[in-house]
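Enquirer: Next comes the structure file start_18.tsv, holding TSV, C-alpha atoms.
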```tsv
chain	number	residue	atom	x	y	z
A	9	MET	CA	0.00	0.00	0.00
A	10	PRO	CA	1.44	3.44	-0.89
A	11	ILE	CA	2.33	5.28	2.33
A	12	LYS	CA	1.26	8.70	1.04
A	13	GLU	CA	-2.30	7.58	0.19
A	14	LEU	CA	-2.54	5.41	3.29
A	15	ALA	CA	-1.63	8.37	5.48
A	16	GLN	CA	-4.19	10.50	3.66
A	17	VAL	CA	-7.18	8.17	4.13
A	18	LEU	CA	-6.32	7.32	7.76
A	19	ASP	CA	-5.14	10.82	8.70
A	20	LEU	CA	-1.79	9.52	9.95
A	21	ASP	CA	0.55	12.14	11.40
A	22	PHE	CA	4.00	11.59	9.89
A	23	PRO	CA	6.86	14.16	10.01
A	24	ALA	CA	6.33	16.52	7.08
A	25	ASP	CA	10.05	17.12	6.57
A	26	LYS	CA	10.84	13.45	5.92
A	27	LYS	CA	10.71	12.04	2.38
A	28	LYS	CA	10.54	8.46	3.69
A	29	VAL	CA	8.63	7.22	6.71
A	30	SER	CA	10.71	5.28	9.23
A	31	MET	CA	9.67	2.04	10.91
A	32	GLU	CA	9.64	3.86	14.25
A	33	ALA	CA	7.26	6.50	12.88
A	34	ILE	CA	4.74	4.00	11.56
A	35	ALA	CA	4.89	1.59	14.52
A	36	PRO	CA	2.25	3.43	16.65
A	37	TYR	CA	-0.25	3.18	13.76
A	38	MET	CA	0.23	-0.48	12.80
A	39	GLU	CA	-2.77	-1.84	14.72
A	40	GLN	CA	-4.97	0.87	13.20
A	41	ILE	CA	-3.67	0.04	9.71
A	42	LYS	CA	-4.25	-3.71	10.20
A	43	ALA	CA	-7.80	-3.09	11.42
A	44	TYR	CA	-8.47	-0.85	8.41
A	45	VAL	CA	-7.10	-3.43	5.96
A	46	ASP	CA	-9.06	-6.23	7.62
A	47	LYS	CA	-12.28	-4.20	7.37
A	48	ASN	CA	-11.78	-3.34	3.70
A	49	THR	CA	-10.56	-6.72	2.47
A	50	THR	CA	-12.80	-9.74	1.99
A	51	LEU	CA	-11.46	-13.22	1.22
A	52	ASN	CA	-14.22	-15.81	0.99
A	53	CYS	CA	-13.28	-19.49	0.71
A	54	ALA	CA	-16.85	-20.88	0.77
A	55	PRO	CA	-18.02	-23.52	1.51
A	56	GLU	CA	-15.14	-23.46	4.00
A	57	THR	CA	-14.29	-20.56	6.27
A	58	CYS	CA	-10.97	-18.67	6.18
A	59	GLU	CA	-9.50	-15.64	7.90
A	60	MET	CA	-6.56	-13.31	7.46
A	61	VAL	CA	-3.90	-13.66	10.15
A	62	PHE	CA	-1.45	-10.76	9.94
A	63	LYS	CA	2.26	-11.55	10.20
A	64	ASP	CA	5.18	-9.24	9.47
A	65	HIS	CA	5.37	-5.84	7.83
A	66	ARG	CA	8.14	-3.96	6.04
A	67	PHE	CA	8.75	-1.13	3.57
A	68	LEU	CA	9.28	-1.19	-0.18
A	69	ASN	CA	11.08	1.97	-1.28
A	70	THR	CA	11.03	2.84	-4.98
A	71	THR	CA	12.14	5.87	-6.97
A	72	PHE	CA	8.58	7.16	-7.18
A	73	SER	CA	6.98	6.17	-3.91
A	74	GLN	CA	7.21	4.32	-0.61
A	75	PHE	CA	5.01	1.30	0.06
A	76	LEU	CA	4.02	-0.61	3.17
A	77	LEU	CA	4.08	-4.40	2.68
A	78	LEU	CA	1.69	-6.07	5.08
A	79	GLU	CA	2.09	-9.85	5.14
A	80	TYR	CA	-0.59	-12.30	6.27
A	81	ASP	CA	-1.54	-15.96	6.13
A	82	LEU	CA	-4.96	-17.16	5.06
A	83	GLU	CA	-5.99	-19.77	7.61
A	84	GLY	CA	-8.99	-21.83	8.65
A	85	PHE	CA	-9.58	-24.21	5.72
A	86	GLN	CA	-8.72	-27.93	5.77
A	87	ALA	CA	-7.91	-28.27	2.07
A	88	LEU	CA	-6.84	-25.74	-0.54
A	89	PRO	CA	-10.06	-24.10	-1.80
A	90	SER	CA	-10.81	-24.30	-5.50
A	91	THR	CA	-11.90	-20.64	-5.59
A	92	ILE	CA	-11.55	-17.54	-3.43
A	93	ASP	CA	-13.89	-14.56	-3.76
A	94	VAL	CA	-11.98	-11.32	-3.25
A	95	ALA	CA	-13.10	-7.77	-2.51
A	96	TYR	CA	-10.30	-5.25	-1.94
A	97	ASP	CA	-11.39	-1.70	-1.13
A	98	VAL	CA	-8.29	-0.48	0.74
A	99	ILE	CA	-7.70	3.21	-0.15
A	100	LEU	CA	-9.95	2.74	-3.19
A	101	GLU	CA	-13.13	3.58	-1.26
A	102	GLN	CA	-11.79	6.97	-0.14
A	103	LEU	CA	-9.73	7.75	-3.27
A	104	PRO	CA	-11.66	6.57	-6.37
A	105	GLN	CA	-8.72	7.35	-8.67
A	106	HIS	CA	-6.67	4.70	-6.88
A	107	THR	CA	-6.15	1.20	-8.37
A	108	ASN	CA	-5.77	-2.08	-6.47
A	109	MET	CA	-4.40	-5.30	-7.91
A	110	VAL	CA	-4.28	-8.97	-6.96
A	111	LEU	CA	-1.68	-11.33	-8.35
A	112	ILE	CA	-0.44	-14.84	-7.65
A	113	GLU	CA	3.32	-14.85	-7.20
A	114	GLU	CA	3.74	-18.62	-7.11
A	115	ASN	CA	1.48	-21.49	-8.12
A	116	TRP	CA	3.33	-24.70	-8.99
A	117	LYS	CA	0.50	-26.40	-10.89
A	118	THR	CA	0.02	-23.45	-13.23
A	119	GLY	CA	3.77	-22.94	-13.67
A	120	THR	CA	3.72	-19.52	-12.01
A	121	PHE	CA	6.98	-18.53	-10.31
A	122	GLN	CA	8.27	-15.17	-9.09
A	123	ASN	CA	5.40	-13.36	-10.77
A	124	GLU	CA	5.60	-9.79	-9.52
A	125	SER	CA	4.34	-7.91	-12.55
A	126	SER	CA	1.28	-9.66	-14.04
A	127	PRO	CA	-1.91	-8.80	-12.13
A	128	LEU	CA	-4.62	-11.40	-12.02
A	129	ILE	CA	-7.36	-8.99	-10.95
A	130	ILE	CA	-7.57	-5.19	-11.12
A	131	PHE	CA	-9.93	-3.28	-8.81
A	132	ARG	CA	-10.96	0.16	-10.05
A	133	GLN	CA	-14.10	0.77	-7.99
A	134	PRO	CA	-15.16	0.01	-4.40
A	135	GLY	CA	-17.49	-2.91	-3.78
A	136	GLN	CA	-16.10	-4.88	-6.74
A	137	THR	CA	-15.89	-8.63	-6.05
A	138	GLU	CA	-13.85	-11.00	-8.21
A	139	THR	CA	-13.11	-14.73	-8.07
A	140	ILE	CA	-9.66	-16.32	-8.07
A	141	ASP	CA	-9.68	-19.79	-9.66
A	142	LEU	CA	-7.18	-22.14	-7.98
A	143	SER	CA	-8.44	-25.32	-9.64
A	144	SER	CA	-6.75	-24.86	-13.03
A	145	GLY	CA	-3.42	-26.37	-14.01
A	146	GLY	CA	-1.94	-29.73	-13.09
A	147	LEU	CA	1.25	-31.71	-12.62
A	148	TRP	CA	2.15	-31.71	-16.32
A	149	GLN	CA	1.67	-27.95	-16.64
A	150	GLY	CA	3.83	-27.31	-13.59
A	151	PHE	CA	6.49	-29.81	-14.67
A	152	SER	CA	6.75	-28.37	-18.18
A	153	ALA	CA	7.14	-24.88	-16.69
A	154	ILE	CA	10.03	-26.14	-14.52
A	155	VAL	CA	11.69	-27.65	-17.62
A	156	LYS	CA	11.36	-24.29	-19.40
A	157	LEU	CA	12.97	-22.56	-16.41
A	158	GLY	CA	15.94	-24.93	-16.71
A	159	ILE	CA	16.28	-24.26	-20.44
A	160	LEU	CA	16.07	-20.49	-19.96
A	161	HIS	CA	18.59	-20.53	-17.15
A	162	ILE	CA	21.31	-22.33	-19.12
A	163	LEU	CA	20.66	-20.15	-22.18
A	164	GLU	CA	20.61	-16.91	-20.17
A	165	GLY	CA	23.34	-17.98	-17.74
A	166	ILE	CA	26.20	-16.48	-19.72
A	167	ASP	CA	28.91	-17.88	-17.43
A	168	HIS	CA	27.67	-21.46	-17.97
A	169	VAL	CA	27.42	-20.85	-21.72
A	170	LEU	CA	30.96	-19.44	-21.92
A	171	PHE	CA	32.34	-22.42	-20.02
A	172	LEU	CA	30.78	-24.71	-22.63
A	173	VAL	CA	32.15	-22.52	-25.43
A	174	ALA	CA	35.64	-22.70	-23.88
A	175	LEU	CA	35.40	-26.49	-24.02
A	176	LEU	CA	33.96	-26.54	-27.54
A	177	LEU	CA	36.54	-24.27	-29.20
A	178	PRO	CA	39.39	-26.85	-29.17
A	179	SER	CA	37.07	-29.82	-29.75
A	180	VAL	CA	37.61	-29.76	-33.55
A	181	LEU	CA	41.39	-29.63	-33.25
A	182	ARG	CA	44.05	-31.81	-31.71
A	183	ARG	CA	47.30	-30.70	-30.13
A	184	LYS	CA	50.56	-31.96	-31.66
A	185	GLU	CA	53.67	-32.73	-29.64
A	186	ASP	CA	55.01	-29.22	-30.29
A	187	SER	CA	51.76	-27.87	-28.74
A	188	LYS	CA	50.53	-26.57	-32.09
A	189	TRP	CA	46.93	-27.19	-33.08
A	190	GLN	CA	45.83	-29.01	-36.21
A	191	PRO	CA	42.35	-29.99	-37.49
A	192	VAL	CA	40.96	-33.39	-36.58
A	193	GLY	CA	40.68	-35.79	-39.49
A	194	LYS	CA	37.42	-37.49	-38.62
A	195	PHE	CA	34.09	-36.20	-37.39
A	196	SER	CA	33.90	-39.13	-34.96
A	197	THR	CA	37.03	-37.91	-33.14
A	198	SER	CA	35.46	-34.56	-32.26
A	199	PHE	CA	32.04	-36.05	-31.64
A	200	ILE	CA	33.37	-38.58	-29.12
A	201	TYR	CA	35.26	-35.78	-27.36
A	202	ILE	CA	32.05	-33.73	-27.14
A	203	VAL	CA	30.10	-36.70	-25.78
A	204	LYS	CA	32.73	-37.26	-23.10
A	205	ILE	CA	32.89	-33.67	-21.87
A	206	ALA	CA	29.11	-33.27	-21.99
A	207	THR	CA	28.67	-36.50	-20.02
A	208	ALA	CA	31.26	-35.54	-17.40
A	209	PHE	CA	29.74	-32.07	-16.99
A	210	THR	CA	26.18	-33.44	-16.84
A	211	ILE	CA	26.91	-36.13	-14.25
A	212	ALA	CA	28.84	-33.69	-12.08
A	213	HIS	CA	26.33	-30.84	-11.99
A	214	SER	CA	23.42	-33.30	-11.58
A	215	ILE	CA	25.03	-34.69	-8.42
A	216	THR	CA	25.56	-31.35	-6.71
A	217	LEU	CA	22.25	-29.93	-7.94
A	218	CYS	CA	20.47	-32.78	-6.15
A	219	LEU	CA	22.61	-32.61	-3.00
A	220	ALA	CA	22.29	-28.84	-2.64
A	221	THR	CA	18.58	-28.64	-3.50
A	222	LEU	CA	17.79	-31.37	-0.96
A	223	GLN	CA	20.00	-29.44	1.51
A	224	LEU	CA	22.36	-32.37	2.05
A	225	VAL	CA	25.43	-30.29	1.10
A	226	GLN	CA	25.75	-26.51	1.30
A	227	VAL	CA	28.58	-24.40	-0.19
A	228	PRO	CA	28.80	-20.59	0.17
A	229	SER	CA	27.39	-18.84	-2.89
A	230	ARG	CA	30.36	-16.49	-3.13
A	231	MET	CA	32.75	-19.43	-3.40
A	232	VAL	CA	30.56	-21.20	-5.97
A	233	GLU	CA	30.25	-18.17	-8.25
A	234	SER	CA	33.99	-17.45	-7.99
A	235	VAL	CA	34.95	-21.00	-8.97
A	236	ILE	CA	32.49	-20.91	-11.90
A	237	ALA	CA	34.20	-17.74	-13.13
A	238	ALA	CA	37.63	-19.33	-12.66
A	239	SER	CA	36.57	-22.45	-14.59
A	240	ILE	CA	36.12	-20.38	-17.76
A	241	GLY	CA	39.58	-18.86	-17.40
A	242	LEU	CA	41.35	-22.18	-16.80
A	243	ALA	CA	39.64	-23.72	-19.83
A	244	ALA	CA	40.86	-20.72	-21.85
A	245	VAL	CA	44.43	-21.00	-20.49
A	246	ASP	CA	44.50	-24.68	-21.48
A	247	ILE	CA	44.10	-23.58	-25.11
A	248	PHE	CA	47.44	-21.72	-24.93
A	249	TYR	CA	49.23	-24.08	-22.57
A	250	PRO	CA	48.19	-27.70	-21.82
A	251	ILE	CA	47.55	-27.46	-18.09
A	252	PHE	CA	44.93	-30.23	-18.16
A	253	ARG	CA	47.43	-32.71	-19.72
A	254	GLY	CA	45.10	-35.65	-20.29
A	255	ARG	CA	43.05	-34.96	-17.17
A	256	SER	CA	40.34	-33.04	-19.01
A	257	TRP	CA	37.48	-35.28	-17.89
A	258	SER	CA	38.38	-35.16	-14.18
A	259	ILE	CA	38.85	-31.37	-14.26
A	260	ILE	CA	35.62	-30.82	-16.20
A	261	PHE	CA	33.87	-33.09	-13.69
A	262	LEU	CA	35.30	-31.04	-10.80
A	263	PHE	CA	34.14	-27.74	-12.29
A	264	GLY	CA	30.80	-29.32	-13.16
A	265	LEU	CA	30.24	-29.94	-9.46
A	266	PHE	CA	30.45	-26.20	-8.78
A	267	HIS	CA	28.21	-25.35	-11.73
A	268	GLY	CA	25.65	-27.71	-10.15
A	269	PHE	CA	25.79	-25.70	-6.93
A	270	GLY	CA	25.18	-22.61	-9.05
A	271	PHE	CA	22.08	-24.20	-10.59
A	272	ALA	CA	20.86	-25.10	-7.09
A	273	ASN	CA	21.19	-21.47	-5.99
A	274	VAL	CA	18.90	-20.47	-8.84
A	275	LEU	CA	16.32	-23.06	-7.81
A	276	ALA	CA	16.50	-21.81	-4.22
A	277	GLU	CA	15.97	-18.20	-5.32
A	278	LEU	CA	12.98	-19.18	-7.43
A	279	GLY	CA	11.52	-21.18	-4.56
A	280	VAL	CA	10.12	-23.77	-6.96
A	281	THR	CA	10.96	-26.74	-4.72
A	282	SER	CA	8.59	-25.78	-1.94
A	283	GLN	CA	6.13	-28.20	-3.56
A	284	TYR	CA	6.87	-31.40	-5.50
A	285	ALA	CA	10.59	-31.10	-4.69
A	286	LEU	CA	11.78	-34.21	-6.56
A	287	LEU	CA	9.67	-33.46	-9.63
A	288	SER	CA	10.93	-29.87	-9.66
A	289	LEU	CA	14.51	-31.06	-9.32
A	290	PHE	CA	14.18	-33.54	-12.17
A	291	GLY	CA	12.39	-31.07	-14.44
A	292	PHE	CA	14.89	-28.25	-13.88
A	293	ASN	CA	17.85	-30.56	-14.49
A	294	LEU	CA	16.18	-31.91	-17.63
A	295	GLY	CA	15.73	-28.35	-18.87
A	296	VAL	CA	19.39	-27.56	-18.20
A	297	GLU	CA	20.41	-30.62	-20.24
A	298	ILE	CA	18.12	-29.65	-23.12
A	299	GLY	CA	19.58	-26.15	-23.12
A	300	GLN	CA	23.11	-27.51	-22.98
A	301	LEU	CA	22.47	-29.84	-25.93
A	302	ALA	CA	20.95	-26.95	-27.86
A	303	ILE	CA	24.11	-24.88	-27.37
A	304	ILE	CA	26.30	-27.79	-28.50
A	305	ALA	CA	24.03	-28.48	-31.48
A	306	VAL	CA	24.38	-24.87	-32.66
A	307	VAL	CA	28.06	-24.19	-31.91
A	308	PHE	CA	29.77	-27.52	-32.62
A	309	PRO	CA	28.76	-27.94	-36.33
A	310	VAL	CA	29.93	-24.39	-37.08
A	311	LEU	CA	33.29	-25.00	-35.44
A	312	TYR	CA	33.69	-28.31	-37.24
A	313	LEU	CA	33.09	-26.66	-40.62
A	314	LEU	CA	35.65	-23.95	-39.81
A	315	ARG	CA	38.35	-26.26	-38.45
A	316	ASN	CA	40.29	-26.52	-41.76
A	317	GLN	CA	40.43	-22.79	-42.32
A	318	LYS	CA	43.88	-21.29	-41.69
A	319	PHE	CA	42.44	-18.52	-39.55
A	320	TYR	CA	40.73	-20.89	-37.11
A	321	PRO	CA	43.66	-21.89	-34.83
A	322	GLY	CA	45.34	-18.51	-34.86
A	323	ILE	CA	42.38	-16.15	-34.84
A	324	VAL	CA	39.16	-17.88	-33.79
A	325	LEU	CA	40.66	-20.22	-31.21
A	326	LYS	CA	43.20	-17.90	-29.61
A	327	THR	CA	41.16	-14.69	-29.84
A	328	GLY	CA	38.20	-16.54	-28.37
A	329	ALA	CA	40.41	-17.84	-25.55
A	330	LEU	CA	41.71	-14.33	-24.81
A	331	LEU	CA	38.19	-12.91	-24.63
A	332	LEU	CA	37.03	-15.79	-22.44
A	333	GLY	CA	40.01	-15.31	-20.16
A	334	ALA	CA	39.30	-11.59	-19.82
A	335	MET	CA	35.64	-12.23	-18.93
A	336	SER	CA	36.70	-14.91	-16.45
A	337	LEU	CA	39.13	-12.55	-14.70
A	338	TYR	CA	36.54	-9.76	-14.63
A	339	TRP	CA	33.90	-12.00	-13.04
A	340	PHE	CA	36.35	-13.65	-10.64
A	341	ILE	CA	37.54	-10.31	-9.23
A	342	GLU	CA	33.97	-9.06	-8.81
A	343	ARG	CA	32.70	-12.27	-7.21
A	344	ALA	CA	35.68	-13.27	-5.09
A	345	PHE	CA	36.35	-9.81	-3.67
A	346	SER	CA	32.76	-8.45	-3.74
A	347	VAL	CA	33.65	-5.40	-5.80
A	348	ASN	CA	31.78	-3.76	-8.64
A	349	ILE	CA	34.23	-2.86	-11.41
A	350	ARG	CA	31.40	-1.64	-13.67
A	351	VAL	CA	33.34	-2.28	-16.87
A	352	LEU	CA	30.37	-3.81	-18.71
A	353	PRO	CA	27.99	-0.86	-18.05
A	354	VAL	CA	30.69	1.52	-19.37
A	355	LEU	CA	31.17	-0.55	-22.53
A	356	GLN	CA	27.39	-0.73	-23.03
A	357	GLY	CA	27.24	3.05	-22.73
A	358	LEU	CA	29.98	3.50	-25.34
A	359	PHE	CA	28.28	1.24	-27.86
```
Here is the file; what I need is its structure written in the form of structure tokens.

Expert:
Amino acid sequence: MPIKELAQVLDLDFPADKKKVSMEAIAPYMEQIKAYVDKNTTLNCAPETCEMVFKDHRFLNTTFSQFLLLEYDLEGFQALPSTIDVAYDVILEQLPQHTNMVLIEENWKTGTFQNESSPLIIFRQPGQTETIDLSSGGLWQGFSAIVKLGILHILEGIDHVLFLVALLLPSVLRRKEDSKWQPVGKFSTSFIYIVKIATAFTIAHSITLCLATLQLVQVPSRMVESVIAASIGLAAVDIFYPIFRGRSWSIIFLFGLFHGFGFANVLAELGVTSQYALLSLFGFNLGVEIGQLAIIAVVFPVLYLLRNQKFYPGIVLKTGALLLGAMSLYWFIERAFSVNIRVLPVLQGLF
């Protein structure tokens, strides 16, 4: 609820010289505010009964306004109601130009997660009653939404994508004894290499994704994100100097474990495992694998076609490794030392 309008309709006496209301200033009025909200909000779960039980409260400060967030639980029913009739006249009854909205932030069966911008109901006049339908959706709809979240995360997670790219760049070449690169002769040679690294990465991140999501193993997020950044750089360094030396699978497996912890952090932030935890875990991991295969399916054929070109080892491979190394160092410094270098915003402004 916007503080300015709330103070106006309830005639709350806040210091006029303060742009933002403090928690101490609003504390004496909280019981009055709760009583007002309870009187002007109707939630009907018929044929069962339900009531609002107020919990915590806090502020949401934006550039344009300050809002009071009043949290509550809806209690009293034995089973989740199929519908809820809602009337929400807070502020609206006294200020007709005001607008109230109702939205569902999370609903597993309809595949709704972290929805903070799509209103389900809009109230523009007092006395308006609307019905929320909670009976739609099902396990398949929720599961498919989880799979999509996994696909989007791997495609939008640029650090995971760049780690895959760093592994794919040398996949169409082989290193000679003098450390120079030359094109592979057979498609099967590169394809088998890709299968091996994809398998090692998949098994590794699947293990830690499960362990972390089920809260069996916990690793600090700062450490996880730093190691993920470092993994890109080490894969890039290996292109110039063979630091892996035949241990590629074990090293990729090790880094894959940390990428799995990173995936688990995303799941925790989304809160999608509060219901149907195992199904959510399987669906998200499946989506990650689909996204990973999509990246390989797009990038690998292009690299294979370019492998015989003279510019590939010297320009594509090494320039790509340099850029990957620079991004890795940039992310590692920011994540490991909790600093904001702000190089990317500056570059975006220039271009």

Enquirer: Which residues, written as a PyMOL selection string, have at least one atom at most 8 Å from Arg66 (chain A), with only C-alpha atoms counted and residues fewer than 2 positions away on the same chain left out?

Expert: chain A and resi 31+64+68+76-78

Enquirer: Quick one: pull the distance between CA of Ala95 (chain A) and CA of Gln136 (chain A), Å, one decimal.

Expert: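 Rounded to one decimal, the two atoms are 5.9 Å apart.
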
Enquirer: Rounded to one decimal in Å, what is the spacing between CA of Asp19 (chain A) and CA of Asn69 (chain A)?

Expert: 21.0 Å

Enquirer: Nearest residue to Ala54 (chain A) out of A:Met38, A:Leu278, A:Ile92, A:Val306, using all atoms listed in the file?

Expert: A:Ile92

Enquirer: Mind giving me the axis-aligned box for region 275-286 of chain A with 5 Å on every side, centre plus edges in Å to one decimal, as AutoDock Vina command-line options?

Expert:
```
--center_x 11.3 --center_y -26.2 --center_z -4.9 --size_x 20.4 --size_y 26.0 --size_z 15.9
```

Enquirer: Need to verify the contact set: Phe85 (chain A), 8 Å, all atoms listed in the file, exclusion of same-chain residues closer than 2 positions in sequence. Can you return it as a short mmCIF file (atom, residue, chain, number, x, y, z; two decimals) with C-alpha atoms, keeping the file's coordinate frame?

Expert:
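Now in around_10.cif:
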```cif
data_model
loop_
_atom_site.label_atom_id
_atom_site.label_comp_id
_atom_site.auth_asym_id
_atom_site.auth_seq_id
_atom_site.Cartn_x
_atom_site.Cartn_y
_atom_site.Cartn_z
CA CYS A 53 -13.28 -19.49 0.71
CA GLU A 56 -15.14 -23.46 4.00
CA THR A 57 -14.29 -20.56 6.27
CA CYS A 58 -10.97 -18.67 6.18
CA GLU A 83 -5.99 -19.77 7.61
CA ALA A 87 -7.91 -28.27 2.07
CA LEU A 88 -6.84 -25.74 -0.54
CA PRO A 89 -10.06 -24.10 -1.80
#
```

Enquirer: Please provide the set of residues having any atom within 9 Å of region 246-250 of chain A, restricted to only C-alpha atoms, with same-chain residues fewer than 5 positions apart removed, written as a VMD selection string.

Expert: chain A and resid 174 177 to 178 183 187 241 325 to 326 329

Enquirer: Counting only C-alpha atoms, which residues have an atom no more than 12 Å from (8.0, -25.1, -19.4) in the file's coordinates? Please list them as a PyMOL selection string.

Expert: chain A and resi 116-121+147-161+288+291-292+294-296+298

Enquirer: Can you measure CA of Arg255 (chain A) to CA of Leu332 (chain A) for me? One decimal in Å is fine.

Expert: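 The value is 20.8 Å.
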
Enquirer: Using all atoms listed in the file, which of the listed residues (A:Glu185, A:Glu342, A:Glu114, A:Asp167) sits closest to Gly270 (chain A)?

Expert: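 So, comparing all the options, the nearest one is A:Asp167.
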
Enquirer: Within 10 Å of (35.2, -33.2, -13.4) (coordinates as in the file), grab all the protein and nucleic acid residues, counting only C-alpha atoms, and write them out as a PyMOL selection string.

Expert: chain A and resi 205+207-213+255-266

Enquirer: Neighbours of Gln223 (chain A) within 12 Å (all atoms listed in the file; same-chain residues fewer than 5 positions away dropped), as a list of chain:residue names?

Expert: A:Thr216, A:Leu217, A:Cys218, A:Phe269, A:Ala272, A:Asn273, A:Leu275, A:Ala276, A:Thr281, A:Ala285

Enquirer: Measuring between only C-alpha atoms, which one of A:Ile240, A:Met9, A:Met231, A:Val307 shows the shortest distance to Asp97 (chain A)?

Expert: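 Closest to Asp97 (chain A) of all the choices is A:Met9.
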
Enquirer: From the set A:Glu233, A:Glu297, A:Glu124, A:Glu13, which residue has the shortest atom-to-atom contact distance to Val110 (chain A), counting only C-alpha atoms?

Expert: A:Glu124

Enquirer: Looking at A:Leu100, A:Gln16, A:Ile11, A:Thr107, which one is nearest to Phe72 (chain A), with distances taken over all atoms listed in the file?

Expert: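 Checking each candidate against Phe72 (chain A), we get A:Ile11 as the closest.
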
Enquirer: With distances taken over all atoms listed in the file, which of A:Ile236, A:Ile349, A:Ile215, A:Leu176 is nearest to Ala305 (chain A)?

Expert: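 Ranking A:Ile236, A:Ile349, A:Ile215, A:Leu176 by distance to Ala305 (chain A), first place goes to A:Leu176.
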